[in-house]
Amino acid sequence: MNKRRLLTAFYTVILVGLGACGAMPGQTDSGGSLVVVAGATGGTGRALVTNLQKQGYRVRAFVRDTDKARVVLGDQVEYAEGDVRDMQTVQAALQGATYLISSIGAGRGDPENGPEQVDFGGVKNLATAAAANGIEQFVLVSSSGVTHEDHVLNKMMNNLLVWKFRGEEALRASGVPYTVVRPGGLVNGAGGSEALVFAQGDTTSGRINREDVALVCIAALGNAEALNKTFETYSSGEPGNNDWAEMYGALDAD
């Protein structure tokens, strides 16, 4: 049995044990756990912070400018100021946390803040620091299409998806229990009302509300069925509820 499967098996045992105390396998139980959100001031990041708070998690926003972030996120979250390109600040941001969710993305117009430095280098730094700090699960928001080198976004945005895929690979190699979420095209709108699709193989896509992406990520936290899995997600276009335990349970591990 390889290291990744050993981690999954161990984590499953722990979560089943928790189930006897009220948290069932495939379900989450925040228990006031501290979640670090990297990319917290972006559209998906804001949805993550809001919905994590609604579900009883403590939130620490890892941001580049605390004063600016406070205007967006308010005073009910913790803040860690730094940059995913700076390992020292990444290490400090993760101290004492249970979970990490990253929705970071490269900026535009600054060659030192591009996809290579952020979507790959930043994710690699987060994964390395997560391993060093004993983070129990790293949920990474990536993108559908990352395995398609001829994708139009690679032509338009300095190989954005190529570097996102390399970031995924860095996380998978880190030894940290992980979940890689590959959303389709992101749109703004209220989440929680549409039935979502989970798929694997990077052959299909669609659109998805940013808040739904946040709900997918949060549903993965502490969920043994979500560990060490990579998948695409998008809206079915139909109203409906989502059975997270069933949906995550149907996915194949990497």
# chains A, B, ... in the order shown; residues from 1 in each chain; ligands from 1
$ residues_around --residues "stretch 68-73 of chain A" --least-positions-apart "2" --cutoff "12 Å" --atoms "only C-alpha atoms" --output "number ranges by chain"
A: 37-43, 45-50, 53, 59-66, 75-82
$ write_last_selection --atoms "N, CA and C atoms" --output "JSON list (two decimals), in the first residue's frame"
[["chain", "number", "residue", "atom", "x", "y", "z"],
["A", 37, "VAL", "N", -7.89, 30.48, 4.41],
["A", 37, "VAL", "CA", -8.32, 30.69, 3.03],
["A", 37, "VAL", "C", -7.31, 31.58, 2.34],
["A", 38, "ALA", "N", -6.61, 31.03, 1.37],
["A", 38, "ALA", "CA", -5.70, 31.81, 0.53],
["A", 38, "ALA", "C", -6.46, 32.27, -0.70],
["A", 39, "GLY", "N", -6.32, 33.55, -1.03],
["A", 39, "GLY", "CA", -7.13, 34.11, -2.11],
["A", 39, "GLY", "C", -8.49, 34.56, -1.60],
["A", 40, "ALA", "N", -8.54, 34.97, -0.34],
["A", 40, "ALA", "CA", -9.82, 35.23, 0.34],
["A", 40, "ALA", "C", -10.57, 36.44, -0.18],
["A", 41, "THR", "N", -9.91, 37.36, -0.86],
["A", 41, "THR", "CA", -10.62, 38.56, -1.31],
["A", 41, "THR", "C", -11.13, 38.46, -2.75],
["A", 42, "GLY", "N", -10.83, 37.35, -3.42],
["A", 42, "GLY", "CA", -11.39, 37.14, -4.75],
["A", 42, "GLY", "C", -12.85, 36.74, -4.67],
["A", 43, "GLY", "N", -13.49, 36.60, -5.83],
["A", 43, "GLY", "CA", -14.91, 36.26, -5.85],
["A", 43, "GLY", "C", -15.20, 34.94, -5.16],
["A", 45, "GLY", "N", -13.11, 33.36, -3.16],
["A", 45, "GLY", "CA", -12.60, 33.47, -1.79],
["A", 45, "GLY", "C", -13.60, 34.12, -0.86],
["A", 46, "ARG", "N", -14.26, 35.17, -1.31],
["A", 46, "ARG", "CA", -15.27, 35.82, -0.47],
["A", 46, "ARG", "C", -16.41, 34.87, -0.17],
["A", 47, "ALA", "N", -16.82, 34.10, -1.17],
["A", 47, "ALA", "CA", -17.89, 33.11, -0.95],
["A", 47, "ALA", "C", -17.44, 32.04, 0.03],
["A", 48, "LEU", "N", -16.18, 31.65, -0.04],
["A", 48, "LEU", "CA", -15.64, 30.68, 0.91],
["A", 48, "LEU", "C", -15.70, 31.21, 2.33],
["A", 49, "VAL", "N", -15.22, 32.42, 2.53],
["A", 49, "VAL", "CA", -15.21, 33.00, 3.88],
["A", 49, "VAL", "C", -16.61, 33.08, 4.44],
["A", 50, "THR", "N", -17.55, 33.60, 3.67],
["A", 50, "THR", "CA", -18.93, 33.77, 4.15],
["A", 50, "THR", "C", -19.56, 32.43, 4.53],
["A", 53, "GLN", "N", -18.03, 30.65, 7.62],
["A", 53, "GLN", "CA", -18.54, 31.25, 8.85],
["A", 53, "GLN", "C", -19.96, 30.75, 9.14],
["A", 59, "VAL", "N", -12.22, 31.23, 10.59],
["A", 59, "VAL", "CA", -11.58, 31.55, 9.31],
["A", 59, "VAL", "C", -10.40, 32.48, 9.52],
["A", 60, "ARG", "N", -9.29, 32.13, 8.89],
["A", 60, "ARG", "CA", -8.13, 33.03, 8.83],
["A", 60, "ARG", "C", -7.87, 33.33, 7.35],
["A", 61, "ALA", "N", -8.01, 34.59, 6.99],
["A", 61, "ALA", "CA", -7.80, 35.01, 5.61],
["A", 61, "ALA", "C", -6.32, 35.35, 5.40],
["A", 62, "PHE", "N", -5.71, 34.67, 4.45],
["A", 62, "PHE", "CA", -4.32, 34.94, 4.10],
["A", 62, "PHE", "C", -4.32, 35.92, 2.94],
["A", 63, "VAL", "N", -3.93, 37.16, 3.22],
["A", 63, "VAL", "CA", -4.10, 38.26, 2.26],
["A", 63, "VAL", "C", -2.81, 39.07, 2.15],
["A", 64, "ARG", "N", -2.72, 39.80, 1.08],
["A", 64, "ARG", "CA", -1.53, 40.63, 0.85],
["A", 64, "ARG", "C", -1.62, 41.97, 1.56],
["A", 65, "ASP", "N", -2.84, 42.46, 1.80],
["A", 65, "ASP", "CA", -3.02, 43.76, 2.46],
["A", 65, "ASP", "C", -4.20, 43.65, 3.41],
["A", 66, "THR", "N", -3.92, 43.60, 4.70],
["A", 66, "THR", "CA", -4.97, 43.39, 5.70],
["A", 66, "THR", "C", -5.98, 44.53, 5.70],
["A", 75, "ASP", "N", -14.65, 42.29, 10.17],
["A", 75, "ASP", "CA", -13.85, 42.08, 11.37],
["A", 75, "ASP", "C", -14.07, 40.73, 12.03],
["A", 76, "GLN", "N", -14.87, 39.87, 11.43],
["A", 76, "GLN", "CA", -15.21, 38.60, 12.06],
["A", 76, "GLN", "C", -14.30, 37.46, 11.62],
["A", 77, "VAL", "N", -13.22, 37.79, 10.94],
["A", 77, "VAL", "CA", -12.25, 36.77, 10.54],
["A", 77, "VAL", "C", -10.87, 37.15, 11.07],
["A", 78, "GLU", "N", -10.01, 36.16, 11.21],
["A", 78, "GLU", "CA", -8.61, 36.42, 11.52],
["A", 78, "GLU", "C", -7.89, 36.79, 10.22],
["A", 79, "TYR", "N", -6.79, 37.50, 10.35],
["A", 79, "TYR", "CA", -6.01, 37.85, 9.18],
["A", 79, "TYR", "C", -4.56, 37.45, 9.35],
["A", 80, "ALA", "N", -3.99, 36.97, 8.25],
["A", 80, "ALA", "CA", -2.55, 36.73, 8.17],
["A", 80, "ALA", "C", -2.07, 37.44, 6.91],
["A", 81, "GLU", "N", -1.19, 38.39, 7.07],
["A", 81, "GLU", "CA", -0.74, 39.18, 5.93],
["A", 81, "GLU", "C", 0.55, 38.57, 5.36],
["A", 82, "GLY", "N", 0.58, 38.46, 4.04],
["A", 82, "GLY", "CA", 1.77, 37.90, 3.40],
["A", 82, "GLY", "C", 1.51, 37.67, 1.93]]
$ residues_around --residues "stretch 148-163 of chain A" --least-positions-apart "4" --cutoff "7 Å" --atoms "only C-alpha atoms" --output "number ranges by chain"
A: 115-116, 119-120, 167
$ select_by_dssp --residues "stretch 104-239 of chain A" --states "strand (DSSP E)" --output "NGL selection string"
:A and (137-141 or 178-183 or 185-187 or 194-199 or 207-209 or 229-239)
$ atom_distance --atom1 "atom CA of A:Thr233" --atom2 "atom CA of A:Phe165"
16.0 Å
$ closest_residue --among "A:Pro177, A:Gly249, A:Gly240, A:Gly222" --to "A:Leu196" --atoms "only C-alpha atoms"
A:Gly240
$ select_by_dssp --residues "stretch 118-202 of chain A" --states "alpha helix (DSSP H)" --output "PyMOL selection string"
chain A and resi 123-132+152-156+160-173
$ closest_residue --among "A:Thr128, A:Asn51, A:Ser144, A:Ser193" --to "A:Ser174" --atoms "only C-alpha atoms"
A:Thr128
$ closest_atom_pairs --of "stretch 141-209 of chain A" --to "stretch 228-231 of chain A" --cutoff "12 Å" --atoms "only C-alpha atoms" --output "CSV"
residue,atom,partner,partner_atom,distance
A:Val141,CA,A:Thr230,CA,10.2
A:Ser142,CA,A:Thr230,CA,9.6
A:Ser143,CA,A:Phe231,CA,9.5
A:Ser144,CA,A:Phe231,CA,8.4
A:Gly145,CA,A:Phe231,CA,11.0
A:Val146,CA,A:Phe231,CA,11.3
A:Phe165,CA,A:Thr230,CA,11.2
A:Glu168,CA,A:Thr230,CA,9.0
A:Glu169,CA,A:Thr230,CA,10.7
A:Leu171,CA,A:Asn228,CA,9.9
A:Arg172,CA,A:Asn228,CA,7.7
A:Ala173,CA,A:Asn228,CA,10.8
A:Ser174,CA,A:Asn228,CA,11.4
A:Gly175,CA,A:Asn228,CA,9.8
A:Val176,CA,A:Asn228,CA,8.9
A:Pro177,CA,A:Asn228,CA,6.0
A:Tyr178,CA,A:Asn228,CA,5.0
A:Thr179,CA,A:Lys229,CA,5.3
A:Val180,CA,A:Thr230,CA,4.6
A:Val181,CA,A:Phe231,CA,5.6
A:Arg182,CA,A:Phe231,CA,5.8
A:Pro183,CA,A:Phe231,CA,8.4
A:Gly184,CA,A:Phe231,CA,10.7
A:Val197,CA,A:Phe231,CA,9.9
A:Phe198,CA,A:Phe231,CA,6.5
A:Ala199,CA,A:Phe231,CA,5.6
A:Gln200,CA,A:Phe231,CA,4.8
A:Gly201,CA,A:Phe231,CA,7.5
A:Asp202,CA,A:Phe231,CA,7.7
A:Thr203,CA,A:Phe231,CA,10.6
A:Thr204,CA,A:Phe231,CA,10.6
A:Ser205,CA,A:Phe231,CA,10.8
$ residues_around --residues "A:Gln137" --least-positions-apart "3" --cutoff "12 Å" --atoms "only C-alpha atoms" --output "compact mmCIF listing (two decimals) with C-alpha atoms, in the first residue's frame"
# COMPACT_ATOMS: atom_id res chain seq x y z
CA LEU A 7 -3.01 8.34 4.62
CA THR A 8 -6.49 7.88 3.19
CA TYR A 11 -7.95 9.40 7.89
CA SER A 33 -11.91 24.13 13.21
CA LEU A 34 -9.64 26.84 11.86
CA VAL A 35 -9.56 27.09 8.08
CA VAL A 36 -7.00 29.23 6.28
CA LEU A 94 -0.76 28.17 8.49
CA ALA A 97 -4.78 25.65 11.37
CA THR A 98 -6.61 22.41 10.63
CA TYR A 99 -7.54 22.96 7.00
CA LEU A 100 -6.36 25.03 4.04
CA ILE A 101 -8.41 26.11 1.04
CA SER A 102 -6.70 27.94 -1.83
CA LEU A 126 1.29 26.34 0.28
CA ALA A 127 1.58 22.57 -0.08
CA ALA A 130 0.90 22.58 4.81
CA ALA A 131 3.03 19.45 5.15
CA ASN A 133 2.44 22.46 9.72
CA GLY A 134 0.44 19.24 9.84
CA LEU A 140 -7.27 23.44 -4.02
CA LEU A 171 0.15 19.32 -4.16
CA ARG A 172 -0.30 15.66 -5.05
CA SER A 174 3.52 16.86 -1.14
CA GLY A 175 2.09 14.07 0.99
CA VAL A 176 -0.64 16.35 2.37
CA PRO A 177 -4.18 14.87 2.23
CA TYR A 178 -5.87 16.88 -0.52
CA THR A 179 -8.90 17.50 -2.68
CA VAL A 180 -8.48 19.17 -6.09
CA CYS A 217 -14.92 22.94 -1.23
CA ILE A 218 -16.44 23.23 2.22
CA ALA A 220 -14.92 18.28 1.23
CA LEU A 221 -13.49 19.37 4.59
CA GLY A 222 -13.17 16.47 6.99
CA ASN A 223 -14.86 14.19 4.47
CA ALA A 224 -12.92 10.94 4.06
CA ALA A 226 -13.11 13.50 -0.66
CA LEU A 227 -9.50 12.70 0.17
CA ASN A 228 -6.88 12.48 -2.57
CA LYS A 229 -9.40 12.98 -5.35
$ residues_around --residues "A:Met87" --least-positions-apart "3" --cutoff "9 Å" --atoms "only C-alpha atoms" --output "list in words"
Asp83, Val84, Val90, Gln91, Ala92, Gly122, Asn125, Leu126, Thr128 and Ala129 of chain A
$ atom_distance --atom1 "atom CA of A:Ala132" --atom2 "atom CA of A:Gly31"
23.0 Å
$ atom_distance --atom1 "atom CA of A:Ala93" --atom2 "atom CA of A:Tyr57"
16.5 Å
